[in-house]
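Chemist: If it helps, the file is called my_file-v8.cif and holds mmCIF, C-alpha atoms:
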```cif
data_model
#
loop_
_atom_site.label_atom_id
_atom_site.label_comp_id
_atom_site.auth_asym_id
_atom_site.auth_seq_id
_atom_site.Cartn_x
_atom_site.Cartn_y
_atom_site.Cartn_z
CA MET A 1 135.18 127.78 94.25
CA SER A 2 131.81 126.11 93.91
CA GLN A 3 131.35 122.37 93.58
CA PRO A 4 129.85 120.87 90.42
CA ALA A 5 126.09 120.33 90.67
CA PHE A 6 126.47 116.56 90.46
CA THR A 7 128.78 116.36 93.47
CA ARG A 8 127.12 115.57 96.78
CA VAL A 9 128.95 115.86 100.07
CA LEU A 10 127.62 113.82 102.96
CA ASP A 11 128.26 115.48 106.28
CA ARG A 12 128.34 113.52 109.53
CA ARG A 13 124.72 114.31 110.46
CA ARG A 14 123.37 113.20 107.06
CA PHE A 15 125.57 110.09 107.11
CA LEU A 16 124.23 109.09 110.54
CA ALA A 17 120.64 109.74 109.47
CA LEU A 18 121.07 107.68 106.30
CA GLY A 19 122.68 104.87 108.28
CA ALA A 20 119.80 104.83 110.77
CA MET A 21 117.24 104.78 107.93
CA ALA A 22 119.06 101.92 106.21
CA ALA A 23 119.16 99.93 109.43
CA CYS A 24 115.43 100.43 109.96
CA ALA A 25 114.56 99.64 106.34
CA LEU A 26 116.55 96.45 106.28
CA GLY A 27 115.27 95.34 109.66
CA ALA A 28 116.90 92.23 110.95
CA ALA A 29 119.42 91.81 108.14
CA PRO A 30 122.74 90.86 109.73
CA ALA A 31 125.50 93.43 109.44
CA HIS A 32 127.64 91.10 107.35
CA ALA A 33 124.83 90.75 104.79
CA LEU A 34 125.63 94.19 103.40
CA GLY A 35 129.37 93.68 103.59
CA ALA A 36 131.64 95.62 105.89
CA GLY A 37 134.13 96.87 103.29
CA GLN A 38 132.52 97.94 100.04
CA ARG A 39 129.13 97.92 98.37
CA SER A 40 128.93 98.12 94.61
CA LEU A 41 126.18 98.00 92.02
CA SER A 42 126.09 97.67 88.26
CA PHE A 43 123.31 98.96 86.04
CA ARG A 44 122.33 99.00 82.38
CA HIS A 45 119.55 101.44 81.61
CA LEU A 46 117.36 99.92 78.91
CA HIS A 47 115.98 103.24 77.66
CA THR A 48 119.23 105.22 77.45
CA GLY A 49 121.75 102.44 76.85
CA GLU A 50 123.92 103.84 79.65
CA ARG A 51 125.95 101.50 81.82
CA LEU A 52 127.45 102.08 85.22
CA THR A 53 129.35 100.13 87.83
CA ALA A 54 129.93 102.08 91.02
CA THR A 55 131.19 101.42 94.52
CA TYR A 56 128.74 103.58 96.45
CA TRP A 57 129.85 102.56 99.96
CA ALA A 58 133.47 102.24 101.09
CA ASP A 59 135.37 102.50 104.34
CA GLY A 60 132.20 102.92 106.41
CA THR A 61 130.61 105.73 104.42
CA TYR A 62 128.59 106.45 101.33
CA VAL A 63 130.70 107.71 98.43
CA GLY A 64 129.24 111.04 97.29
CA GLU A 65 130.66 110.95 93.76
CA ALA A 66 129.37 107.41 93.17
CA LEU A 67 125.93 108.36 94.52
CA ALA A 68 125.82 111.30 92.12
CA ARG A 69 126.71 109.02 89.18
CA ILE A 70 123.96 106.59 90.19
CA ASP A 71 121.49 109.47 90.58
CA ARG A 72 122.36 110.59 87.03
CA LEU A 73 121.92 107.12 85.54
CA LEU A 74 118.59 106.58 87.34
CA ARG A 75 117.24 110.02 86.36
CA ASP A 76 113.90 110.52 84.66
CA PHE A 77 115.12 109.74 81.14
CA ARG A 78 112.07 111.45 79.64
CA THR A 79 112.76 114.86 81.20
CA ASP A 80 116.46 114.43 82.09
CA GLU A 81 115.59 115.47 85.66
CA VAL A 82 117.92 114.08 88.33
CA LYS A 83 116.89 113.34 91.90
CA ALA A 84 118.84 111.82 94.76
CA ILE A 85 118.18 108.09 94.98
CA ASP A 86 117.56 106.89 98.51
CA PRO A 87 120.69 104.98 99.66
CA ARG A 88 118.40 102.44 101.34
CA LEU A 89 117.23 101.45 97.84
CA LEU A 90 120.83 100.93 96.76
CA ASP A 91 121.49 98.81 99.84
CA LEU A 92 118.38 96.76 99.09
CA LEU A 93 119.51 96.21 95.48
CA ASN A 94 122.96 95.23 96.75
CA LEU A 95 121.36 92.59 99.01
CA LEU A 96 119.09 91.44 96.21
CA GLY A 97 122.03 90.95 93.83
CA ARG A 98 123.85 88.96 96.51
CA LYS A 99 120.78 86.87 97.27
CA MET A 100 120.47 86.10 93.55
CA ASP A 101 124.21 85.28 93.47
CA SER A 102 124.57 87.54 90.45
CA ARG A 103 127.37 89.77 89.29
CA THR A 104 125.51 90.95 86.19
CA PRO A 105 124.16 94.49 85.96
CA PHE A 106 120.57 95.16 86.91
CA GLU A 107 118.63 96.13 83.81
CA VAL A 108 116.76 99.33 84.66
CA ILE A 109 113.32 100.00 83.27
CA SER A 110 112.51 102.95 85.53
CA GLY A 111 114.25 104.70 88.41
CA TYR A 112 113.30 108.23 89.39
CA ARG A 113 110.16 109.64 87.74
CA SER A 114 109.39 113.35 87.77
CA PRO A 115 105.89 114.50 88.72
CA ALA A 116 105.29 115.50 85.08
CA THR A 117 106.27 112.07 83.76
CA ASN A 118 104.25 110.29 86.41
CA ALA A 119 101.16 112.37 85.58
CA THR A 120 101.59 111.69 81.85
CA LEU A 121 101.92 107.94 82.42
CA ALA A 122 98.90 107.92 84.75
CA ALA A 123 96.79 109.86 82.22
CA ALA A 124 97.79 107.39 79.50
CA GLY A 125 96.49 104.50 81.61
CA HIS A 126 99.84 102.91 82.43
CA GLY A 127 98.69 102.04 85.95
CA VAL A 128 101.23 104.12 87.85
CA ALA A 129 100.45 105.19 91.40
CA THR A 130 99.72 108.90 91.81
CA LYS A 131 101.96 108.95 94.91
CA SER A 132 104.53 106.56 93.50
CA LEU A 133 107.76 106.11 95.42
CA HIS A 134 109.53 106.58 92.07
CA LEU A 135 108.73 110.29 92.59
CA ARG A 136 110.88 110.31 95.74
CA GLY A 137 113.82 108.27 94.44
CA MET A 138 112.73 105.34 96.60
CA ALA A 139 111.71 102.83 93.90
CA ILE A 140 113.12 101.09 90.86
CA ASP A 141 111.82 98.68 88.20
CA VAL A 142 114.42 96.10 87.21
CA ARG A 143 115.21 92.68 85.88
CA LEU A 144 118.37 90.63 86.18
CA PRO A 145 119.81 88.93 83.09
CA GLY A 146 120.42 85.24 83.50
CA ARG A 147 117.89 84.95 86.31
CA ARG A 148 114.22 84.06 86.02
CA LEU A 149 111.88 86.93 86.82
CA LYS A 150 109.87 84.82 89.26
CA ASP A 151 113.08 83.99 91.16
CA LEU A 152 113.98 87.68 91.35
CA HIS A 153 110.47 88.37 92.62
CA ARG A 154 110.72 85.67 95.31
CA ALA A 155 114.13 86.89 96.42
CA ALA A 156 112.89 90.49 96.71
CA LEU A 157 109.90 89.33 98.76
CA ALA A 158 112.14 87.31 101.07
CA LEU A 159 114.27 90.37 101.88
CA ARG A 160 111.22 92.23 103.26
CA GLY A 161 112.93 95.54 102.58
CA GLY A 162 109.84 97.34 101.24
CA GLY A 163 107.32 97.01 98.45
CA VAL A 164 107.65 94.40 95.71
CA GLY A 165 105.58 94.33 92.52
CA TYR A 166 105.62 91.51 89.98
CA TYR A 167 105.04 92.37 86.32
CA PRO A 168 105.66 89.24 84.22
CA ALA A 169 103.79 90.60 81.17
CA THR A 170 106.25 93.50 80.88
CA ASP A 171 109.20 91.55 82.32
CA PHE A 172 110.21 93.46 85.43
CA VAL A 173 110.06 93.52 89.22
CA HIS A 174 109.36 96.72 91.12
CA VAL A 175 111.33 97.17 94.35
CA ASP A 176 110.97 100.06 96.78
CA VAL A 177 111.93 101.04 100.31
CA GLY A 178 108.46 102.00 101.44
CA ARG A 179 106.41 99.83 103.78
CA VAL A 180 106.56 96.06 103.25
CA ARG A 181 103.81 95.02 100.83
CA SER A 182 103.42 93.13 97.56
CA TRP A 183 101.25 93.03 94.45
#
```
Please re-express this file's structure in structure tokens.

Modeler:
Amino acid sequence: MSQPAFTRVLDRRRFLALGAMAACALGAAPAHALGAGQRSLSFRHLHTGERLTATYWADGTYVGEALARIDRLLRDFRTDEVKAIDPRLLDLLNLLGRKMDSRTPFEVISGYRSPATNATLAAAGHGVATKSLHLRGMAIDVRLPGRRLKDLHRAALALRGGGVGYYPATDFVHVDVGRVRSW
């Protein structure tokens, strides 16, 4: 019996690799900063209207079904293409939500972007990077209701978990798990 396409099983080797990547990406963040028991995130996608709250980490492991649900919500909404979202990005968002002391859902402007969508946006002059980390499921553009955008930006910078872009004119902060940089 085959598994549904949206189900992802994490074997021991992949789990260890993801754990090592998360540790490297988050650098000196203390272990308790991520929480030992569970890690959850809530999203509201502004383009699709979809909402999701998911516990993506529990009992020392990533939860495959929750990851698949997050991947689906953060898909390229223009093409409906789904790509695995890097768990390090989820861990970074979890830390960011904690740092902002917020329990409200992140409002998603853009998660994964397919190569076709990225090329279309670039051709239209939207200022997207040709090798954007959105293409690899390693970046997200968000805002956090009830929190000032500049405070979200500062908090993301302070985490030093990757790239942080500040877009006050279009009301979002870009966060990724690439190298530490800002614009």

Chemist: Give me, as a CSV table (one decimal) with C-alpha atoms, keeping the file's coordinate frame, all polymer residues having an atom no more than 7 Å from A:Asp141, counting all atoms listed in the file and skipping those fewer than 2 positions away in the same chain.

Modeler:
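Contents of the output file out24.csv:
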```csv
chain,number,residue,atom,x,y,z
A,108,VAL,CA,116.8,99.3,84.7
A,109,ILE,CA,113.3,100.0,83.3
A,110,SER,CA,112.5,103.0,85.5
A,111,GLY,CA,114.2,104.7,88.4
A,172,PHE,CA,110.2,93.5,85.4
A,173,VAL,CA,110.1,93.5,89.2
A,174,HIS,CA,109.4,96.7,91.1
A,175,VAL,CA,111.3,97.2,94.4
```

Chemist: With only C-alpha atoms as the atoms that count, which of A:Lys83, A:Arg143, A:Lys131, A:Arg113 lies nearest to A:His45?

Modeler: A:Arg143

Chemist: Starting from the PyMOL selection byres ((chain A and resi 71) around 7), expand the selection into actual residues of this file and give them as a PDB file with C-alpha atoms, in the coordinates of the input.

Modeler:
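Final output, saved to out_3.pdb:
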```pdb
ATOM      1  CA  LEU A  67     125.930 108.360  94.520  1.00  0.00           C
ATOM      2  CA  ALA A  68     125.820 111.300  92.120  1.00  0.00           C
ATOM      3  CA  ARG A  69     126.710 109.020  89.180  1.00  0.00           C
ATOM      4  CA  ILE A  70     123.960 106.590  90.190  1.00  0.00           C
ATOM      5  CA  ARG A  72     122.360 110.590  87.030  1.00  0.00           C
ATOM      6  CA  LEU A  73     121.920 107.120  85.540  1.00  0.00           C
ATOM      7  CA  LEU A  74     118.590 106.580  87.340  1.00  0.00           C
ATOM      8  CA  ARG A  75     117.240 110.020  86.360  1.00  0.00           C
ATOM      9  CA  VAL A  82     117.920 114.080  88.330  1.00  0.00           C
ATOM     10  CA  LYS A  83     116.890 113.340  91.900  1.00  0.00           C
ATOM     11  CA  ALA A  84     118.840 111.820  94.760  1.00  0.00           C
ATOM     12  CA  ILE A  85     118.180 108.090  94.980  1.00  0.00           C
TER      13      ILE A  85
END
```

Chemist: Residue by residue, what does the PyMOL selection byres ((chain A and resi 115-119) around 10) grab here? Present the result as a PyMOL selection string.

Modeler: chain A and resi 76-79+112-114+120-132+134-136

Chemist: Could you tell me how far atom CA of A:Gly165 lies from atom CA of A:Asp80, in Å and to one decimal?

Modeler: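 A separation of 25.1 Å between them.
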
Chemist: Taking into account only C-alpha atoms, which residue in the set A:Asp151, A:Thr55, A:Val63, A:Glu81 is nearest to A:Asp101?

Modeler: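 For A:Asp101, the nearest of the candidates is A:Asp151.
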
Chemist: Kindly resolve the PyMOL selection byres ((chain A and resi 39) around 9) on the present coordinates and return the residues as a PyMOL selection string.

Modeler: chain A and resi 34-38+40-41+54-58+90-91+94

Chemist: Quick one: write out the picked residues with C-alpha atoms as a PDB file, in the frame of the given file?

Modeler:
```pdb
ATOM      1  CA  LEU A  34     125.630  94.190 103.400  1.00  0.00           C
ATOM      2  CA  GLY A  35     129.370  93.680 103.590  1.00  0.00           C
ATOM      3  CA  ALA A  36     131.640  95.620 105.890  1.00  0.00           C
ATOM      4  CA  GLY A  37     134.130  96.870 103.290  1.00  0.00           C
ATOM      5  CA  GLN A  38     132.520  97.940 100.040  1.00  0.00           C
ATOM      6  CA  SER A  40     128.930  98.120  94.610  1.00  0.00           C
ATOM      7  CA  LEU A  41     126.180  98.000  92.020  1.00  0.00           C
ATOM      8  CA  ALA A  54     129.930 102.080  91.020  1.00  0.00           C
ATOM      9  CA  THR A  55     131.190 101.420  94.520  1.00  0.00           C
ATOM     10  CA  TYR A  56     128.740 103.580  96.450  1.00  0.00           C
ATOM     11  CA  TRP A  57     129.850 102.560  99.960  1.00  0.00           C
ATOM     12  CA  ALA A  58     133.470 102.240 101.090  1.00  0.00           C
ATOM     13  CA  LEU A  90     120.830 100.930  96.760  1.00  0.00           C
ATOM     14  CA  ASP A  91     121.490  98.810  99.840  1.00  0.00           C
ATOM     15  CA  ASN A  94     122.960  95.230  96.750  1.00  0.00           C
TER      16      ASN A  94
END
```

Chemist: In terms of the shortest atom-to-atom distance over all atoms listed in the file, which of A:Gly137, A:Leu96, A:Val142, A:Thr170 is closest to A:Ala158?

Modeler: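 Closest residue, counting all atoms listed in the file: A:Leu96.
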
Chemist: Using atom CA of A:Leu92 and atom CA of A:Tyr167 as the two end points, give the distance in Å to one decimal.

Modeler: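 About the pair atom CA of A:Leu92 and atom CA of A:Tyr167: they are 19.0 Å apart.
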
Chemist: Between atom CA of A:Tyr62 and atom CA of A:Arg154, what distance in Å does the model show, to one decimal?

Modeler: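 Atom CA of A:Arg154 lies at a distance of 28.1 Å from atom CA of A:Tyr62.
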
Chemist: Here is a test: counting all atoms listed in the file, which residue of A:Phe43, A:Tyr166, A:Phe106, A:Trp183 is nearest to A:Arg147?

Modeler: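 Between A:Phe43, A:Tyr166, A:Phe106, A:Trp183, the residue approaching A:Arg147 most closely is A:Phe106.
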
Chemist: Quick one: everything within 9 Å of A:Ser102, counting all atoms listed in the file, minus sequence neighbours fewer than 3 positions away in the same chain. Send it as a list in words.

Modeler: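 So, after excluding close chain neighbours, the residues are Leu96, Gly97, Arg98, Lys99, Pro105, Leu144, Pro145, Gly146 and Arg147 of chain A.
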
Chemist: Which one is closest to A:Arg103: A:Thr61, A:Ser182, A:Thr48, A:Thr53? Count all atoms listed in the file.

Modeler: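 Answer, going by the shortest atom-to-atom distance: A:Thr53.
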
Chemist: Mind checking which residues fall within 10 Å of A:Gly178, counting all atoms listed in the file, ignoring those fewer than 2 positions away in the same chain, and posting them as a list in words?

Modeler: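 With the cut-off at 10 Å, the set is Ala25, Arg88, Leu89, Ser132, Leu133, Met138, Ala139, Gly161, Gly162, Gly163, Val164, Val175, Asp176, Val180 and Arg181 of chain A.
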